[in-house]
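Student: One file: start.pdb (PDB, C-alpha atoms).
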```pdb
ATOM      1  CA  MET W   1      43.133  12.559  20.642
ATOM      2  CA  PRO W   2      39.278  12.570  20.988
ATOM      3  CA  ASP W   3      37.915  10.659  23.976
ATOM      4  CA  THR W   4      35.371   7.822  23.710
ATOM      5  CA  ASN W   5      32.342  10.038  24.429
ATOM      6  CA  THR W   6      33.353  12.487  21.701
ATOM      7  CA  LEU W   7      33.776   9.665  19.171
ATOM      8  CA  GLU W   8      30.363   8.228  20.082
ATOM      9  CA  LYS W   9      28.751  11.643  19.605
ATOM     10  CA  LEU W  10      30.451  12.031  16.230
ATOM     11  CA  ASN W  11      29.253   8.580  15.161
ATOM     12  CA  LEU W  12      25.700   9.358  16.289
ATOM     13  CA  GLY W  13      25.815  12.639  14.390
ATOM     14  CA  GLU W  14      27.012  10.900  11.241
ATOM     15  CA  ARG W  15      24.297   8.257  11.553
ATOM     16  CA  GLY W  16      21.651  10.914  12.074
ATOM     17  CA  GLU W  17      22.857  12.845   9.047
ATOM     18  CA  LYS W  18      22.851   9.659   6.955
ATOM     19  CA  ILE W  19      19.291   8.833   8.027
ATOM     20  CA  LEU W  20      18.131  12.373   7.203
ATOM     21  CA  LYS W  21      19.655  12.121   3.725
ATOM     22  CA  SER W  22      18.163   8.668   3.130
ATOM     23  CA  TYR W  23      14.664   9.786   4.090
ATOM     24  CA  LYS W  24      14.787  13.404   2.895
ATOM     25  CA  LEU W  25      11.813  12.994   0.540
ATOM     26  CA  GLU W  26       9.748  11.110   3.134
ATOM     27  CA  LEU W  27      10.397  13.797   5.750
ATOM     28  CA  GLY W  28       9.375  16.471   3.256
ATOM     29  CA  MET W  29       6.116  14.627   2.549
ATOM     30  CA  ALA W  30       5.516  14.239   6.295
ATOM     31  CA  VAL W  31       5.838  18.001   6.721
ATOM     32  CA  ILE W  32       3.364  18.555   3.869
ATOM     33  CA  LEU W  33       0.944  16.117   5.550
ATOM     34  CA  VAL W  34       1.150  17.962   8.866
ATOM     35  CA  VAL W  35       0.728  21.371   7.191
ATOM     36  CA  LEU W  36      -2.251  20.045   5.210
ATOM     37  CA  TYR W  37      -4.107  19.035   8.348
ATOM     38  CA  ILE W  38      -3.234  22.209  10.227
ATOM     39  CA  VAL W  39      -4.608  24.302   7.357
ATOM     40  CA  LEU W  40      -7.703  22.099   7.079
ATOM     41  CA  HIS W  41      -8.327  22.393  10.810
ATOM     42  CA  PHE W  42      -7.901  26.161  10.666
ATOM     43  CA  VAL W  43     -10.492  26.352   7.868
ATOM     44  CA  THR W  44     -12.976  23.704   9.036
ATOM     45  CA  GLY W  45     -12.331  23.370  12.765
ATOM     46  CA  THR W  46     -12.794  19.576  12.590
ATOM     47  CA  ALA W  47      -9.773  18.130  10.757
ATOM     48  CA  LEU W  48      -7.704  17.480  13.888
ATOM     49  CA  THR W  49     -10.540  16.292  16.102
ATOM     50  CA  LYS W  50     -10.229  12.776  17.513
ATOM     51  CA  GLY W  51     -13.300  11.549  15.660
ATOM     52  CA  ASN W  52     -12.088  12.721  12.253
ATOM     53  CA  LEU W  53      -8.555  11.409  12.732
ATOM     54  CA  LEU W  54      -9.850   7.983  13.803
ATOM     55  CA  ASN W  55     -12.155   7.859  10.784
ATOM     56  CA  VAL W  56      -9.239   8.706   8.483
ATOM     57  CA  LEU W  57      -7.066   6.047  10.119
ATOM     58  CA  GLN W  58      -9.748   3.376   9.813
ATOM     59  CA  SER W  59     -10.525   4.198   6.187
ATOM     60  CA  SER W  60      -6.788   4.312   5.426
ATOM     61  CA  ALA W  61      -6.085   0.804   6.742
ATOM     62  CA  PRO W  62      -7.205  -1.203   3.653
ATOM     63  CA  LEU W  63      -5.505   1.251   1.283
ATOM     64  CA  LEU W  64      -2.275   1.215   3.285
ATOM     65  CA  ILE W  65      -2.122  -2.581   3.249
ATOM     66  CA  MET W  66      -2.792  -2.608  -0.511
ATOM     67  CA  THR W  67      -0.192   0.121  -1.068
ATOM     68  CA  MET W  68       2.498  -1.944   0.638
ATOM     69  CA  GLY W  69       1.898  -4.638  -1.964
ATOM     70  CA  GLN W  70       1.853  -2.121  -4.804
ATOM     71  CA  LEU W  71       5.142  -0.755  -3.479
ATOM     72  CA  VAL W  72       7.153  -3.954  -3.948
ATOM     73  CA  VAL W  73       5.818  -4.320  -7.496
ATOM     74  CA  VAL W  74       6.660  -0.722  -8.395
ATOM     75  CA  ILE W  75      10.173  -1.051  -6.969
ATOM     76  CA  THR W  76      10.780  -3.941  -9.405
ATOM     77  CA  GLY W  77       9.829  -1.599 -12.244
ATOM     78  CA  GLY W  78       6.317  -3.007 -12.660
ATOM     79  CA  ILE W  79       2.798  -1.885 -11.865
ATOM     80  CA  ASP W  80      -0.261  -3.721 -10.580
ATOM     81  CA  LEU W  81      -3.553  -2.410 -12.000
ATOM     82  CA  SER W  82      -5.466  -5.449 -10.754
ATOM     83  CA  VAL W  83      -5.339  -4.782  -6.998
ATOM     84  CA  GLY W  84      -8.763  -3.104  -6.896
ATOM     85  CA  SER W  85     -10.498  -5.939  -8.751
ATOM     86  CA  ILE W  86      -8.669  -8.568  -6.670
ATOM     87  CA  TYR W  87      -9.919  -6.691  -3.606
ATOM     88  CA  SER W  88     -13.480  -7.013  -4.929
ATOM     89  CA  LEU W  89     -13.165 -10.660  -6.015
ATOM     90  CA  SER W  90     -11.513 -11.956  -2.859
ATOM     91  CA  GLY W  91     -13.878  -9.947  -0.658
ATOM     92  CA  MET W  92     -16.902 -11.352  -2.496
ATOM     93  CA  ALA W  93     -15.521 -14.892  -2.242
ATOM     94  CA  CYS W  94     -15.132 -14.323   1.501
ATOM     95  CA  ALA W  95     -18.722 -13.101   1.801
ATOM     96  CA  LEU W  96     -20.273 -15.958  -0.185
ATOM     97  CA  VAL W  97     -18.354 -18.632   1.735
ATOM     98  CA  MET W  98     -19.246 -17.000   5.057
ATOM     99  CA  ILE W  99     -22.939 -16.874   4.143
ATOM    100  CA  SER W 100     -23.040 -20.479   2.912
ATOM    101  CA  THR W 101     -20.882 -22.124   5.606
ATOM    102  CA  GLU W 102     -21.273 -19.698   8.523
ATOM    103  CA  SER W 103     -17.570 -20.188   9.149
ATOM    104  CA  ILE W 104     -15.317 -17.169   9.590
ATOM    105  CA  ALA W 105     -12.170 -19.296   9.311
ATOM    106  CA  ALA W 106     -13.240 -20.847   5.994
ATOM    107  CA  SER W 107     -14.183 -17.463   4.540
ATOM    108  CA  VAL W 108     -10.902 -15.852   5.606
ATOM    109  CA  VAL W 109      -8.847 -18.675   4.091
ATOM    110  CA  THR W 110     -10.902 -18.555   0.877
ATOM    111  CA  CYS W 111     -10.370 -14.804   0.581
ATOM    112  CA  LEU W 112      -6.605 -15.042   0.990
ATOM    113  CA  VAL W 113      -6.270 -18.048  -1.331
ATOM    114  CA  VAL W 114      -8.278 -16.386  -4.121
ATOM    115  CA  GLY W 115      -6.167 -13.242  -3.912
ATOM    116  CA  THR W 116      -2.896 -15.134  -3.747
ATOM    117  CA  LEU W 117      -3.743 -17.240  -6.813
ATOM    118  CA  CYS W 118      -4.475 -14.082  -8.815
ATOM    119  CA  GLY W 119      -1.076 -12.752  -7.825
ATOM    120  CA  VAL W 120       0.693 -15.959  -8.822
ATOM    121  CA  VAL W 121      -0.940 -15.787 -12.264
ATOM    122  CA  ASN W 122       0.154 -12.157 -12.668
ATOM    123  CA  GLY W 123       3.704 -13.007 -11.627
ATOM    124  CA  LEU W 124       4.005 -16.012 -13.926
ATOM    125  CA  LEU W 125       2.758 -14.095 -16.960
ATOM    126  CA  VAL W 126       5.081 -11.164 -16.291
ATOM    127  CA  SER W 127       8.186 -13.215 -15.492
ATOM    128  CA  LYS W 128       7.927 -16.373 -17.584
ATOM    129  CA  LEU W 129       6.161 -15.054 -20.686
ATOM    130  CA  ARG W 130       7.888 -11.651 -20.489
ATOM    131  CA  MET W 131       4.572  -9.867 -20.906
ATOM    132  CA  ALA W 132       4.307  -6.191 -19.960
ATOM    133  CA  PRO W 133       3.048  -5.729 -16.369
ATOM    134  CA  PHE W 134       0.603  -3.075 -17.577
ATOM    135  CA  ILE W 135      -1.058  -5.524 -20.009
ATOM    136  CA  VAL W 136      -1.063  -8.494 -17.624
ATOM    137  CA  THR W 137      -2.533  -6.656 -14.661
ATOM    138  CA  LEU W 138      -5.010  -4.764 -16.846
ATOM    139  CA  ALA W 139      -6.256  -8.134 -18.127
ATOM    140  CA  MET W 140      -6.470  -9.466 -14.564
ATOM    141  CA  GLN W 141      -8.327  -6.313 -13.556
ATOM    142  CA  GLY W 142     -11.025  -7.009 -16.142
ATOM    143  CA  ALA W 143     -11.178 -10.738 -15.431
ATOM    144  CA  ALA W 144     -11.408 -10.365 -11.655
ATOM    145  CA  ALA W 145     -14.055  -7.631 -11.923
ATOM    146  CA  SER W 146     -16.092  -9.834 -14.257
ATOM    147  CA  LEU W 147     -15.772 -12.935 -12.049
ATOM    148  CA  THR W 148     -16.878 -10.912  -9.014
ATOM    149  CA  LYS W 149     -20.169 -10.037 -10.700
ATOM    150  CA  ILE W 150     -20.617 -13.580 -12.041
ATOM    151  CA  ILE W 151     -20.246 -15.353  -8.677
ATOM    152  CA  ALA W 152     -22.436 -12.791  -6.897
ATOM    153  CA  GLY W 153     -24.989 -12.347  -9.649
ATOM    154  CA  GLY W 154     -24.188  -8.650  -9.574
ATOM    155  CA  ASN W 155     -25.623  -8.305  -6.068
ATOM    156  CA  SER W 156     -24.063  -6.990  -2.887
ATOM    157  CA  GLN W 157     -23.745  -9.402   0.037
ATOM    158  CA  THR W 158     -24.496  -8.626   3.693
ATOM    159  CA  LEU W 159     -22.460 -10.440   6.331
ATOM    160  CA  THR W 160     -24.505 -11.700   9.260
ATOM    161  CA  LEU W 161     -21.810 -13.177  11.525
ATOM    162  CA  THR W 162     -21.381 -10.207  13.847
ATOM    163  CA  GLU W 163     -18.203 -11.682  15.351
ATOM    164  CA  PHE W 164     -16.444 -10.830  12.090
ATOM    165  CA  ARG W 165     -16.669  -7.137  13.057
ATOM    166  CA  TYR W 166     -13.920  -7.699  15.585
ATOM    167  CA  PHE W 167     -11.404  -8.482  12.841
ATOM    168  CA  ASN W 168     -11.346  -4.735  12.152
ATOM    169  CA  ARG W 169     -12.729  -3.115  15.277
ATOM    170  CA  GLY W 170     -11.639  -5.533  18.008
ATOM    171  CA  HIS W 171      -8.727  -5.172  20.433
ATOM    172  CA  ILE W 172      -6.017  -7.836  20.461
ATOM    173  CA  ILE W 173      -4.010  -5.298  22.454
ATOM    174  CA  PRO W 174      -6.180  -3.398  24.968
ATOM    175  CA  GLY W 175      -6.757   0.184  23.862
ATOM    176  CA  VAL W 176      -5.457  -0.388  20.323
ATOM    177  CA  ARG W 177      -7.950  -1.115  17.536
ATOM    178  CA  ASN W 178      -7.027  -4.112  15.422
ATOM    179  CA  TYR W 179      -6.850  -2.123  12.180
ATOM    180  CA  MET W 180      -4.189   0.108  13.787
ATOM    181  CA  LEU W 181      -2.237  -2.945  14.879
ATOM    182  CA  TYR W 182      -2.341  -4.446  11.385
ATOM    183  CA  MET W 183      -1.103  -1.183   9.889
ATOM    184  CA  VAL W 184       1.869  -1.012  12.248
ATOM    185  CA  ILE W 185       2.793  -4.681  11.808
ATOM    186  CA  ILE W 186       2.669  -4.588   8.006
ATOM    187  CA  VAL W 187       4.611  -1.316   7.673
ATOM    188  CA  VAL W 188       7.316  -2.512  10.092
ATOM    189  CA  LEU W 189       7.482  -5.915   8.394
ATOM    190  CA  MET W 190       7.723  -4.364   4.925
ATOM    191  CA  HIS W 191      10.411  -1.937   6.101
ATOM    192  CA  PHE W 192      12.384  -4.850   7.540
ATOM    193  CA  ILE W 193      12.040  -6.939   4.366
ATOM    194  CA  LEU W 194      13.082  -4.118   2.054
ATOM    195  CA  ARG W 195      15.933  -2.743   4.145
ATOM    196  CA  LYS W 196      17.304  -5.669   6.131
ATOM    197  CA  THR W 197      16.938  -8.808   4.010
ATOM    198  CA  THR W 198      18.598 -10.281   0.946
ATOM    199  CA  PHE W 199      15.191 -10.548  -0.721
ATOM    200  CA  GLY W 200      14.694  -6.814  -0.241
ATOM    201  CA  ARG W 201      18.040  -6.066  -1.896
ATOM    202  CA  TRP W 202      17.032  -8.334  -4.787
ATOM    203  CA  ILE W 203      13.806  -6.337  -5.230
ATOM    204  CA  TYR W 204      15.719  -3.045  -5.525
ATOM    205  CA  ALA W 205      18.344  -4.602  -7.791
ATOM    206  CA  THR W 206      15.690  -6.015 -10.120
ATOM    207  CA  GLY W 207      14.073  -2.611 -10.482
ATOM    208  CA  SER W 208      17.375  -0.776 -10.925
ATOM    209  CA  ASN W 209      18.788  -3.023 -13.644
ATOM    210  CA  GLU W 210      17.056  -6.302 -14.445
ATOM    211  CA  GLU W 211      19.647  -7.649 -16.895
ATOM    212  CA  ALA W 212      22.572  -6.871 -14.620
ATOM    213  CA  SER W 213      20.696  -8.574 -11.779
ATOM    214  CA  ARG W 214      20.318 -11.727 -13.877
ATOM    215  CA  LEU W 215      24.020 -11.697 -14.710
ATOM    216  CA  VAL W 216      25.067 -11.571 -11.050
ATOM    217  CA  GLY W 217      22.819 -14.509 -10.188
ATOM    218  CA  ILE W 218      19.733 -12.837  -8.721
ATOM    219  CA  PRO W 219      16.632 -14.993  -9.406
ATOM    220  CA  VAL W 220      14.742 -12.168 -11.095
ATOM    221  CA  ASP W 221      11.793 -14.335 -12.174
ATOM    222  CA  LYS W 222      11.233 -15.604  -8.630
ATOM    223  CA  VAL W 223      11.508 -12.071  -7.280
ATOM    224  CA  LYS W 224       8.837 -10.825  -9.688
ATOM    225  CA  ILE W 225       6.486 -13.749  -9.004
ATOM    226  CA  SER W 226       6.918 -13.188  -5.264
ATOM    227  CA  CYS W 227       6.238  -9.451  -5.534
ATOM    228  CA  TYR W 228       3.035  -9.839  -7.571
ATOM    229  CA  THR W 229       1.906 -12.582  -5.185
ATOM    230  CA  ILE W 230       2.587 -10.361  -2.170
ATOM    231  CA  SER W 231       0.658  -7.530  -3.825
ATOM    232  CA  ALA W 232      -2.410  -9.698  -4.464
ATOM    233  CA  PHE W 233      -2.222 -11.337  -1.027
ATOM    234  CA  LEU W 234      -2.175  -7.944   0.684
ATOM    235  CA  SER W 235      -5.086  -6.800  -1.511
ATOM    236  CA  SER W 236      -7.131  -9.756  -0.260
ATOM    237  CA  LEU W 237      -6.093  -8.975   3.323
ATOM    238  CA  ALA W 238      -7.244  -5.403   2.748
ATOM    239  CA  ALA W 239     -10.559  -6.810   1.477
ATOM    240  CA  LEU W 240     -11.015  -8.640   4.779
ATOM    241  CA  LEU W 241     -10.542  -5.373   6.665
ATOM    242  CA  GLY W 242     -12.966  -3.549   4.401
ATOM    243  CA  ALA W 243     -15.618  -6.266   4.688
ATOM    244  CA  SER W 244     -15.204  -6.421   8.465
ATOM    245  CA  ARG W 245     -15.627  -2.676   8.769
ATOM    246  CA  LEU W 246     -18.782  -2.366   6.637
ATOM    247  CA  MET W 247     -20.176  -5.917   7.057
ATOM    248  CA  THR W 248     -21.306  -5.585   3.442
ATOM    249  CA  VAL W 249     -19.424  -6.481   0.253
ATOM    250  CA  GLU W 250     -20.167  -4.752  -3.039
ATOM    251  CA  CYS W 251     -19.206  -6.057  -6.475
ATOM    252  CA  ILE W 252     -17.425  -2.764  -7.138
ATOM    253  CA  ALA W 253     -15.920  -2.410  -3.644
ATOM    254  CA  GLY W 254     -12.357  -2.069  -4.952
ATOM    255  CA  THR W 255     -13.087   0.194  -7.904
ATOM    256  CA  GLY W 256     -10.600   3.050  -7.976
ATOM    257  CA  MET W 257      -8.353   1.602  -5.276
ATOM    258  CA  GLU W 258      -5.680   0.722  -7.821
ATOM    259  CA  LEU W 259      -5.430   4.435  -8.695
ATOM    260  CA  ASP W 260      -5.230   5.390  -5.022
ATOM    261  CA  SER W 261      -2.558   2.769  -4.277
ATOM    262  CA  ILE W 262      -0.442   3.927  -7.228
ATOM    263  CA  ALA W 263      -0.896   7.547  -6.122
ATOM    264  CA  ALA W 264       0.119   6.725  -2.547
ATOM    265  CA  THR W 265       3.155   4.764  -3.738
ATOM    266  CA  CYS W 266       4.362   7.536  -6.072
ATOM    267  CA  ILE W 267       3.612  10.339  -3.618
ATOM    268  CA  GLY W 268       5.708   8.435  -1.084
ATOM    269  CA  GLY W 269       8.769   8.593  -3.331
ATOM    270  CA  ALA W 270       8.634   5.380  -5.348
ATOM    271  CA  SER W 271       9.534   5.647  -9.023
ATOM    272  CA  LEU W 272       7.611   3.866 -11.767
ATOM    273  CA  SER W 273      11.000   3.393 -13.435
ATOM    274  CA  GLY W 274      11.874   1.030 -10.595
ATOM    275  CA  GLY W 275      14.590   0.830  -7.967
ATOM    276  CA  LEU W 276      13.203   3.491  -5.621
ATOM    277  CA  GLY W 277      10.694   3.444  -2.776
ATOM    278  CA  THR W 278      10.371   2.841   0.973
ATOM    279  CA  ALA W 279       7.714   1.519   3.309
ATOM    280  CA  LEU W 280       7.809   4.779   5.286
ATOM    281  CA  GLY W 281       7.246   6.758   2.103
ATOM    282  CA  ALA W 282       4.299   4.560   1.118
ATOM    283  CA  LEU W 283       2.827   5.062   4.594
ATOM    284  CA  ILE W 284       3.034   8.851   4.317
ATOM    285  CA  GLY W 285       1.793   8.706   0.729
ATOM    286  CA  THR W 286      -1.279   6.767   1.860
ATOM    287  CA  PHE W 287      -2.100   9.307   4.544
ATOM    288  CA  LEU W 288      -1.578  12.164   2.102
ATOM    289  CA  THR W 289      -3.891  10.519  -0.430
ATOM    290  CA  LYS W 290      -6.555   9.969   2.216
ATOM    291  CA  GLY W 291      -5.882  13.431   3.609
ATOM    292  CA  ILE W 292      -6.683  14.979   0.230
ATOM    293  CA  ASN W 293      -9.942  12.996   0.061
ATOM    294  CA  ASN W 294     -10.762  13.936   3.640
ATOM    295  CA  GLY W 295     -10.064  17.605   2.913
ATOM    296  CA  ILE W 296     -12.424  17.555  -0.089
ATOM    297  CA  ASN W 297     -15.174  16.138   2.123
ATOM    298  CA  LEU W 298     -14.561  18.542   5.013
ATOM    299  CA  LEU W 299     -14.545  21.541   2.699
ATOM    300  CA  GLY W 300     -17.852  20.465   1.160
ATOM    301  CA  ILE W 301     -16.401  20.195  -2.336
ATOM    302  CA  ASN W 302     -18.253  17.947  -4.762
ATOM    303  CA  SER W 303     -16.775  14.437  -4.346
ATOM    304  CA  PHE W 304     -16.661  14.081  -8.144
ATOM    305  CA  TRP W 305     -13.519  16.234  -8.004
ATOM    306  CA  THR W 306     -11.648  13.552  -6.032
ATOM    307  CA  GLY W 307     -10.500  11.658  -9.117
ATOM    308  CA  THR W 308      -9.310  14.850 -10.805
ATOM    309  CA  VAL W 309      -7.268  15.918  -7.792
ATOM    310  CA  THR W 310      -5.821  12.413  -7.384
ATOM    311  CA  GLY W 311      -4.848  12.323 -11.068
ATOM    312  CA  ILE W 312      -3.059  15.667 -10.816
ATOM    313  CA  VAL W 313      -1.210  14.509  -7.712
ATOM    314  CA  ILE W 314      -0.117  11.298  -9.486
ATOM    315  CA  VAL W 315       1.296  13.283 -12.429
ATOM    316  CA  ILE W 316       3.244  15.562 -10.077
ATOM    317  CA  ALA W 317       4.489  12.618  -7.987
ATOM    318  CA  VAL W 318       5.557  10.618 -11.053
ATOM    319  CA  TYR W 319       7.430  13.632 -12.417
ATOM    320  CA  VAL W 320       9.227  14.101  -9.097
ATOM    321  CA  GLY W 321      10.032  10.375  -9.011
ATOM    322  CA  TYR W 322      11.322  10.458 -12.583
ATOM    323  CA  THR W 323      13.564  13.421 -11.770
ATOM    324  CA  ALA W 324      14.870  11.685  -8.646
ATOM    325  CA  SER W 325      15.544   8.514 -10.651
ATOM    326  CA  LYS W 326      17.575  10.466 -13.248
ATOM    327  CA  LYS W 327      19.649  12.127 -10.528
ATOM    328  CA  LYS W 328      20.306   8.742  -8.923
ATOM    329  CA  LYS W 329      21.532   7.292 -12.219
ATOM    330  CA  ARG W 330      23.880  10.238 -12.764
ATOM    331  CA  LEU W 331      25.400   9.586  -9.355
TER
END
```
When written as structure tokens, how does the structure in this file appear?
Tutor:
Amino acid sequence: MPDTNTLEKLNLGERGEKILKSYKLELGMAVILVVLYIVLHFVTGTALTKGNLLNVLQSSAPLLIMTMGQLVVVITGGIDLSVGSIYSLSGMACALVMISTESIAASVVTCLVVGTLCGVVNGLLVSKLRMAPFIVTLAMQGAAASLTKIIAGGNSQTLTLTEFRYFNRGHIIPGVRNYMLYMVIIVVLMHFILRKTTFGRWIYATGSNEEASRLVGIPVDKVKISCYTISAFLSSLAALLGASRLMTVECIAGTGMELDSIAATCIGGASLSGGLGTALGALIGTFLTKGINNGINLLGINSFWTGTVTGIVIVIAVYVGYTASKKKKRL
């Protein structure tokens, strides 16, 4: 009969094997990310330098936070095309309130409230009126982009309260930049919500089979409203980080970020068919997306190619996700 130590080792081995199977795609993407940077460093000599890596991390922070919101929407089988415009609108609202009141607290609250309200509207239209997420969020994208230009008169806004810089670059924990801390907290929190809570199981169930979820008593409408609200809230939080980093807010600050967040989500293993996706995968997908952009810059390739490369990567990632979804359904 096996002794206690042997049984513990067997259990640990089984757990390790289970974890490897659960995160097989994420581990594969992590390997690709590492190889990408090794190759880039071999070619350019600068990819793995401290300065470049810190720049990539800092520029990745707003996108990562936005991607975590996009992730929960995609898992439900939806898509949020409005995150970039909500980023612009909430960031501009923050800037205008800060300039007029000279209050960081008031501007931060305004930013988060504006973003959250946009998300609630998206969620209500998708869940209560049964409108297609693509149509709803596309309409919100146009409306938010338009409102941003209206309230700002089409002009960029410069933030003069220098203390606001510390929101991004400060150190709540000595030696750790705030943007790094936010990234860790949000990824860990999202992982916990998706994997360890009833709400997380409801999100996956809604994306896997919405009608079956309704029949077993899952409040699908509330789940969808919550997910679109979370997505918009995190977009406005990302806008705060972006504004704090640059201390300037442009009317088109979030243009293209919806494409990047969708790319990062799909690259990380989420399926646009719903029911698949992890916070770890979205994290790796974000770094891969930014790594591709960083590689284009380091190699001196015309930046106009960025959109083309991102589009190709999205198509490949969506195809892989679709294939994985079909295999899951067969099982």
Student: Restricting the calculation to all atoms listed in the file, which member of W:Leu89, W:Leu234, W:Leu288, W:Leu64 is positioned closest to Gly154 in chain W?
Tutor: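 The shortest atom-to-atom distance to Gly154 in chain W comes from W:Leu89.
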Student: Could you check the closest approach to Arg169 in chain W for each of W:Cys111, W:Met98, W:Ala243, W:Ile267 and tell me which residue wins, using all atoms listed in the file?
Tutor: W:Ala243
Student: Using all atoms listed in the file - which residues lie no farther than 10 Å from the point (-18.1, -17.8, 14.4) in the file's frame? Write them as a PyMOL selection string.
Tutor: chain W and resi 98+102-105+161-164
Student: Nearest to Ala93 in chain W: which of W:Thr306, W:Ser231, W:Thr44, W:Gln157 is it, counting only C-alpha atoms?
Tutor: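 Of the candidates, the smallest distance to Ala93 in chain W is held by W:Gln157.
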Student: List, as a VMD selection string, every residue that the PyMOL selection byres ((chain W and resi 194-202) around 9) selects in the file provided.
Tutor: chain W and resid 72 76 189 to 193 203 to 207 213 218 to 220 223 278 to 279
Student: Please indicate the distance in Å from CA of Asn209 in chain W to CA of Val136 in chain W, rounded to one decimal place.
Tutor: 21.0 Å
Student: Excluding range 295-297 of chain W and residues on its chain fewer than 5 positions from it, collect all residues at most 9 Å away from it, counting only C-alpha atoms, and give them as a list in words.
Tutor: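 Listed by chain and then number, they are Leu36, Tyr37, Leu40, Ala47, Lys290, Asn302, Ser303, Trp305 and Thr306 of chain W.
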Student: Given the choices W:Gly275, W:Gly311, W:Gly268, W:Gly115, which gets closest to Ile32 in chain W if the distance is worked out from only C-alpha atoms?
Tutor: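 Nearest to Ile32 in chain W: W:Gly268.
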Student: Expanded to explicit residues, what is the PyMOL selection byres ((chain W and resi 257) around 9) for this file, as a PyMOL selection string?
Tutor: chain W and resi 63+66+83-85+87+253-256+258-262
Student: Just to be explicit: take each residue in the selection above, keep C-alpha atoms, and write the result as an mmCIF file, in the coordinates of the input.
Tutor:
```
data_model
loop_
_atom_site.group_PDB
_atom_site.id
_atom_site.type_symbol
_atom_site.label_atom_id
_atom_site.label_comp_id
_atom_site.auth_asym_id
_atom_site.auth_seq_id
_atom_site.Cartn_x
_atom_site.Cartn_y
_atom_site.Cartn_z
ATOM 1 C CA LEU W 63 -5.505 1.251 1.283
ATOM 2 C CA MET W 66 -2.792 -2.608 -0.511
ATOM 3 C CA VAL W 83 -5.339 -4.782 -6.998
ATOM 4 C CA GLY W 84 -8.763 -3.104 -6.896
ATOM 5 C CA SER W 85 -10.498 -5.939 -8.751
ATOM 6 C CA TYR W 87 -9.919 -6.691 -3.606
ATOM 7 C CA ALA W 253 -15.920 -2.410 -3.644
ATOM 8 C CA GLY W 254 -12.357 -2.069 -4.952
ATOM 9 C CA THR W 255 -13.087 0.194 -7.904
ATOM 10 C CA GLY W 256 -10.600 3.050 -7.976
ATOM 11 C CA GLU W 258 -5.680 0.722 -7.821
ATOM 12 C CA LEU W 259 -5.430 4.435 -8.695
ATOM 13 C CA ASP W 260 -5.230 5.390 -5.022
ATOM 14 C CA SER W 261 -2.558 2.769 -4.277
ATOM 15 C CA ILE W 262 -0.442 3.927 -7.228
#
```
Student: Have a look at CA of Ile292 in chain W and CA of Tyr319 in chain W and let me know their distance in Å, one decimal.
Tutor: 19.0 Å
Student: Report, in Å to a single decimal, how far apart CA of Tyr179 in chain W and CA of Gly123 in chain W are.
Tutor: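 Taking CA of Gly123 in chain W as the start and CA of Tyr179 in chain W as the end point, the length is 28.2 Å.
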Student: With only C-alpha atoms as the basis for distance, which of W:Thr110, W:Gln70, W:Ser82, W:Thr160 is at the shortest distance from Thr248 in chain W?
Tutor: W:Thr160
Student: Calculate, to one decimal in Å, the centre and edge lengths of the box along x, y and z of the file that holds all listed atoms of range 234-251 of chain W with 6 Å of margin on each side, and present them as AutoDock Vina command-line options.
Tutor:
```
--center_x -11.7 --center_y -6.1 --center_z 1.1 --size_x 31.1 --size_y 19.4 --size_z 27.2
```
Student: Which residues fall under the PyMOL selection byres ((chain W and resi 266) around 8) in this file, as a ChimeraX atom specification?
Tutor: /W:262-265,267-272,282,285,314,317-318,321
Student: Once you have the residues from the selection above, write them out as a tab-separated table (two decimals), in the coordinates of the input, restricted to C-alpha atoms.
Tutor:
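Saved the output as again-v8.tsv:
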```
chain	number	residue	atom	x	y	z
W	262	ILE	CA	-0.44	3.93	-7.23
W	263	ALA	CA	-0.90	7.55	-6.12
W	264	ALA	CA	0.12	6.72	-2.55
W	265	THR	CA	3.16	4.76	-3.74
W	267	ILE	CA	3.61	10.34	-3.62
W	268	GLY	CA	5.71	8.44	-1.08
W	269	GLY	CA	8.77	8.59	-3.33
W	270	ALA	CA	8.63	5.38	-5.35
W	271	SER	CA	9.53	5.65	-9.02
W	272	LEU	CA	7.61	3.87	-11.77
W	282	ALA	CA	4.30	4.56	1.12
W	285	GLY	CA	1.79	8.71	0.73
W	314	ILE	CA	-0.12	11.30	-9.49
W	317	ALA	CA	4.49	12.62	-7.99
W	318	VAL	CA	5.56	10.62	-11.05
W	321	GLY	CA	10.03	10.38	-9.01
```
Student: Here is a test: counting all atoms listed in the file, which residue of W:Ser236, W:Thr158, W:Asn178, W:Ser59 is nearest to Ser100 in chain W?
Tutor: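 The shortest atom-to-atom distance to Ser100 in chain W comes from W:Thr158.
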